[in-house]
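Novice: The structure under discussion is supplied below as C-alpha cells; questions concerning it will follow.
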Amino acid sequence: MTAFESQVTVAGQAMDLYANRPQDRSGPLAAAVVIQHAPGVDEFTRAMTDRLAEAGYHAVAPDLYHRQSEPGGPLERMGRLKDKEVIADVNATVDALRDESGVDGERIGIVGFCMGGRVTYMMAAVNPHLKAAVAFYGGNIMKPWGEDVPAPFDRTADIACPLLFHFGADDTNPSPEDRQRLDEALSRAGKSHEFHEYAGAGHAFMNFTSEERYRPDAELAAWPRTLEFLERHLGGA
C-alpha cells in the first residue's frame, strides 16, 4: 500500500486529505471517501482508510476541520461544522477522485463513523456520483447543522445509492427510536438499505483507540459486512 498526504482547494482554501491505495492492483480502482469521527482525521480515521486500501480501494479522508483555527475539543470542533461547508468539502473530494487517473470515477463509495455516519447519510442524498454509502452509528441525522438547510433526515427522498447502517444496540444517539424512524422513512421512500444492530455495543464500537467503547466482536461482524456491501455495489475492489 502507498499512504500519502495531498490537498484540494475548496472555496479558495486548501483542505488536507489523507489517502492510501494498493500498489498491487492494475487498472482504475474503485474508491472510497472516508468521513472522520468527531476527533478528526486521527489514528482511527487513518486506520480505517488504510484498511479500505488493504481491501483494494483507493481510499481518501478529507479533513473537515480545515476551516477551523480555534482550539477546542472534538465536540466543540464538531459543533462548529456547517452542512453547506461539509457538502462542499466532500463534493470537492469526490471530484478529485473522479479526476484521478488511477480511479474509476463510476465506482466511488463513502464510509463514515460517528459524525461521519451522519455526513454519509447526507452525502448519499446530495452527490449522485456516490454508488454506495456505509454509515457507522451516525447520530444527529434529524438535526441540521447551520441555518436555512434541511436536516439529513429531511433529504431521505433524495438518497440515490444503497445504504448500509451499523448500530450499537446500547447507543443513545442514534437511539433505537432513531433507527425505527430512519428505517420507516427509507422504506417509505423506496430506498435500498440494510440495517445491522450489535448487542452489547454502544456508540463508537469500532474505535479501537478507546478501551471503554471498543467492542471487537461487533467490529468483527461489521467490517466484513462493510466490505461485502462495497464489493457488491461498487463492482468489486
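For the C-alpha cells, the naming scheme is as follows: chains receive sequential letters (A, B, ...) according to their order of presentation, residues are indexed from 1 within each chain, and ligands are indexed from 1 in presentation order.
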Could you name the residues that touch Ile141 of chain A at 12 Å or less, counting only C-alpha atoms, but leaving out those on the same chain fewer than 6 positions away, as a PyMOL selection string?

Specialist: chain A and resi 83+114-123+135+150-156+173-175+178-179+181-182

Novice: Can you write out the residues you just picked, keeping N, CA and C atoms, as a compact mmCIF listing (two decimals), in the first residue's frame?

Specialist:
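And here is the file that came out, again.txt:
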```txt
# COMPACT_ATOMS: atom_id res chain seq x y z
N ASP A 83 -23.43 22.34 7.49
CA ASP A 83 -23.72 21.37 6.43
C ASP A 83 -23.31 21.87 5.05
N CYS A 114 -19.44 7.79 13.32
CA CYS A 114 -19.90 8.79 14.29
C CYS A 114 -20.48 9.98 13.52
N MET A 115 -19.95 11.19 13.68
CA MET A 115 -20.45 12.31 12.89
C MET A 115 -20.31 12.02 11.40
N GLY A 116 -19.32 11.20 11.06
CA GLY A 116 -19.15 10.81 9.67
C GLY A 116 -20.27 9.94 9.15
N GLY A 117 -20.94 9.21 10.04
CA GLY A 117 -22.12 8.45 9.62
C GLY A 117 -23.26 9.38 9.24
N ARG A 118 -23.39 10.46 9.99
CA ARG A 118 -24.39 11.49 9.65
C ARG A 118 -24.06 12.11 8.30
N VAL A 119 -22.79 12.48 8.11
CA VAL A 119 -22.38 13.08 6.85
C VAL A 119 -22.60 12.11 5.69
N THR A 120 -22.33 10.84 5.92
CA THR A 120 -22.53 9.82 4.88
C THR A 120 -23.99 9.77 4.44
N TYR A 121 -24.90 9.78 5.41
CA TYR A 121 -26.33 9.77 5.09
C TYR A 121 -26.68 10.99 4.24
N MET A 122 -26.18 12.15 4.63
CA MET A 122 -26.48 13.38 3.91
C MET A 122 -25.90 13.35 2.49
N MET A 123 -24.64 12.91 2.37
CA MET A 123 -24.00 12.92 1.06
C MET A 123 -24.62 11.91 0.10
N ALA A 135 -22.80 3.85 6.81
CA ALA A 135 -22.83 4.74 7.97
C ALA A 135 -22.67 3.93 9.25
N PRO A 150 -31.82 21.84 5.24
CA PRO A 150 -32.58 20.72 5.77
C PRO A 150 -31.69 19.78 6.55
N ALA A 151 -32.26 19.08 7.50
CA ALA A 151 -31.53 18.03 8.19
C ALA A 151 -31.28 16.88 7.21
N PRO A 152 -30.24 16.08 7.44
CA PRO A 152 -30.05 14.91 6.58
C PRO A 152 -31.30 14.04 6.48
N PHE A 153 -32.00 13.88 7.57
CA PHE A 153 -33.22 13.08 7.56
C PHE A 153 -34.24 13.62 6.56
N ASP A 154 -34.31 14.93 6.44
CA ASP A 154 -35.27 15.55 5.53
C ASP A 154 -34.87 15.42 4.07
N ARG A 155 -33.66 14.91 3.82
CA ARG A 155 -33.19 14.65 2.46
C ARG A 155 -33.38 13.19 2.05
N THR A 156 -34.04 12.40 2.89
CA THR A 156 -34.13 10.96 2.65
C THR A 156 -34.65 10.63 1.26
N ASN A 173 -27.51 7.75 20.62
CA ASN A 173 -27.51 8.73 19.53
C ASN A 173 -26.64 8.19 18.39
N PRO A 174 -27.23 7.41 17.48
CA PRO A 174 -28.66 7.21 17.26
C PRO A 174 -29.25 6.17 18.22
N SER A 175 -30.44 6.48 18.66
CA SER A 175 -31.16 5.62 19.60
C SER A 175 -31.96 4.57 18.84
N ASP A 178 -34.51 6.31 16.92
CA ASP A 178 -33.97 6.91 15.69
C ASP A 178 -33.88 5.86 14.59
N ARG A 179 -33.39 4.69 14.96
CA ARG A 179 -33.27 3.62 13.97
C ARG A 179 -34.63 3.30 13.35
N ARG A 181 -37.27 5.28 13.09
CA ARG A 181 -37.69 6.38 12.22
C ARG A 181 -36.95 6.35 10.88
N LEU A 182 -35.66 6.07 10.94
CA LEU A 182 -34.87 6.01 9.71
C LEU A 182 -35.33 4.87 8.82
```

Novice: Would you pick out the contacts of Arg46 of chain A at 10 Å or less, using only C-alpha atoms, so that residues sharing its chain but fewer than 2 positions from it are not included, and give the list as a CSV table (one decimal) with N, CA and C atoms, in the first residue's frame?

Specialist:
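To be explicit, this is the file written out as part-v2.csv:
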```
chain,number,residue,atom,x,y,z
A,3,ALA,N,0.5,5.1,1.4
A,3,ALA,CA,-0.2,6.1,2.1
A,3,ALA,C,0.5,7.5,1.7
A,18,TYR,N,-5.9,12.7,3.7
A,18,TYR,CA,-5.1,11.6,3.9
A,18,TYR,C,-5.6,10.5,3.0
A,19,ALA,N,-4.7,9.8,2.3
A,19,ALA,CA,-5.1,8.9,1.3
A,19,ALA,C,-4.2,7.6,1.3
A,20,ASN,N,-4.7,6.5,0.8
A,20,ASN,CA,-3.9,5.3,0.7
A,20,ASN,C,-4.5,4.5,-0.4
A,34,VAL,N,-13.6,8.4,3.1
A,34,VAL,CA,-13.8,8.1,4.5
A,34,VAL,C,-14.0,9.4,5.3
A,36,GLN,N,-14.5,11.3,8.7
A,36,GLN,CA,-13.9,11.2,10.1
A,36,GLN,C,-15.0,11.2,11.2
A,40,GLY,N,-11.6,13.8,14.5
A,40,GLY,CA,-10.9,14.3,13.2
A,40,GLY,C,-10.2,13.2,12.5
A,41,VAL,N,-9.3,13.5,11.6
A,41,VAL,CA,-8.5,12.6,10.8
A,41,VAL,C,-7.4,12.1,11.7
A,42,ASP,N,-7.7,11.3,12.6
A,42,ASP,CA,-6.7,10.9,13.7
A,42,ASP,C,-6.2,9.4,13.4
A,43,GLU,N,-5.7,8.8,14.4
A,43,GLU,CA,-5.2,7.4,14.2
A,43,GLU,C,-6.3,6.5,13.8
A,44,PHE,N,-7.5,6.6,14.3
A,44,PHE,CA,-8.6,5.7,14.0
A,44,PHE,C,-9.0,6.0,12.5
A,48,MET,N,-8.8,3.3,9.4
A,48,MET,CA,-9.9,2.8,8.6
A,48,MET,C,-9.7,3.1,7.1
A,49,THR,N,-9.0,4.2,6.8
A,49,THR,CA,-8.6,4.5,5.4
A,49,THR,C,-7.6,3.4,4.9
A,50,ASP,N,-6.7,3.1,5.8
A,50,ASP,CA,-5.7,2.1,5.4
A,50,ASP,C,-6.3,0.7,5.2
A,51,ARG,N,-7.3,0.4,6.0
A,51,ARG,CA,-8.0,-0.9,5.9
A,51,ARG,C,-8.7,-1.0,4.6
A,52,LEU,N,-9.3,0.1,4.1
A,52,LEU,CA,-10.0,0.1,2.8
A,52,LEU,C,-9.0,-0.1,1.7
A,59,ALA,N,-8.5,4.9,-1.1
A,59,ALA,CA,-9.3,5.5,0.0
A,59,ALA,C,-8.8,6.8,0.4
A,60,VAL,N,-9.6,7.8,0.7
A,60,VAL,CA,-9.2,9.1,1.0
A,60,VAL,C,-10.1,9.7,2.1
A,61,ALA,N,-9.4,10.4,3.1
A,61,ALA,CA,-10.2,11.0,4.2
A,61,ALA,C,-9.9,12.5,4.2
```

Novice: For Met1 of chain A, which of A:Gly56, A:Pro128, A:Gly27, A:Gly202 is the closest residue, counting only C-alpha atoms?

Specialist: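 Among A:Gly56, A:Pro128, A:Gly27, A:Gly202, it is A:Gly56 that comes nearest to Met1 of chain A.
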
Novice: From the DSSP assignment of the backbone, select every residue of segment 27-78 of chain A that is helix (DSSP H, G or I), and format the answer as an MDAnalysis selection string.

Specialist: chainID A and resid 43:54 74:78

Novice: Can you list every residue in segment 5-144 of chain A that DSSP puts in strand (DSSP E or B), as a VMD selection string?

Specialist: chain A and resid 5 to 10 13 to 21 29 to 35 37 40 58 to 62 103 to 113 130 to 136

Novice: Do you know which residues are at most 12 Å from Glu228 of chain A counting only C-alpha atoms, after dropping those on the same chain fewer than 3 positions away, and could you put them as a list in words?

Specialist: Leu52, Ala55, Ala132, Val134, Leu164, Ala221, Ala222, Trp223, Pro224, Arg225, Glu231, Arg232, His233, Leu234, Gly235, Gly236 and Ala237 of chain A

Novice: Suppose we keep N, CA and C atoms; can you now write the selection as a CSV table (one decimal), in the first residue's frame?

Specialist:
```
chain,number,residue,atom,x,y,z
A,52,LEU,N,-9.3,0.1,4.1
A,52,LEU,CA,-10.0,0.1,2.8
A,52,LEU,C,-9.0,-0.1,1.7
A,55,ALA,N,-8.1,-3.6,1.3
A,55,ALA,CA,-9.2,-4.3,0.6
A,55,ALA,C,-9.2,-4.0,-0.9
A,132,ALA,N,-22.5,3.8,-3.3
A,132,ALA,CA,-22.7,3.1,-2.1
A,132,ALA,C,-22.3,3.9,-0.9
A,134,VAL,N,-22.0,3.7,3.5
A,134,VAL,CA,-21.9,2.9,4.8
A,134,VAL,C,-21.8,3.9,5.9
A,164,LEU,N,-25.9,1.2,3.8
A,164,LEU,CA,-25.7,0.2,4.9
A,164,LEU,C,-25.5,1.0,6.2
A,221,ALA,N,-17.9,-8.4,13.2
A,221,ALA,CA,-19.1,-8.7,12.4
A,221,ALA,C,-19.4,-7.6,11.4
A,222,ALA,N,-19.1,-6.3,11.8
A,222,ALA,CA,-19.5,-5.2,11.0
A,222,ALA,C,-18.5,-5.0,9.8
A,223,TRP,N,-17.2,-5.2,10.0
A,223,TRP,CA,-16.3,-4.8,8.9
A,223,TRP,C,-16.5,-5.8,7.7
A,224,PRO,N,-16.6,-7.1,7.9
A,224,PRO,CA,-16.8,-7.9,6.7
A,224,PRO,C,-18.1,-7.6,6.0
A,225,ARG,N,-19.1,-7.2,6.7
A,225,ARG,CA,-20.4,-6.8,6.1
A,225,ARG,C,-20.1,-5.5,5.2
A,231,GLU,N,-18.2,-4.2,-2.2
A,231,GLU,CA,-17.9,-5.1,-3.3
A,231,GLU,C,-19.1,-5.3,-4.2
A,232,ARG,N,-20.3,-5.5,-3.5
A,232,ARG,CA,-21.5,-5.8,-4.3
A,232,ARG,C,-21.9,-4.5,-5.1
A,233,HIS,N,-21.8,-3.4,-4.5
A,233,HIS,CA,-22.3,-2.2,-5.2
A,233,HIS,C,-21.3,-1.4,-5.9
A,234,LEU,N,-20.1,-1.6,-5.7
A,234,LEU,CA,-19.0,-0.9,-6.5
A,234,LEU,C,-18.4,-1.8,-7.5
A,235,GLY,N,-18.9,-3.0,-7.6
A,235,GLY,CA,-18.4,-3.9,-8.7
A,235,GLY,C,-17.1,-4.6,-8.3
A,236,GLY,N,-16.7,-4.6,-7.0
A,236,GLY,CA,-15.5,-5.3,-6.6
A,236,GLY,C,-14.3,-4.3,-6.5
A,237,ALA,N,-13.5,-4.5,-5.6
A,237,ALA,CA,-12.3,-3.6,-5.4
A,237,ALA,C,-11.3,-3.9,-6.5
```
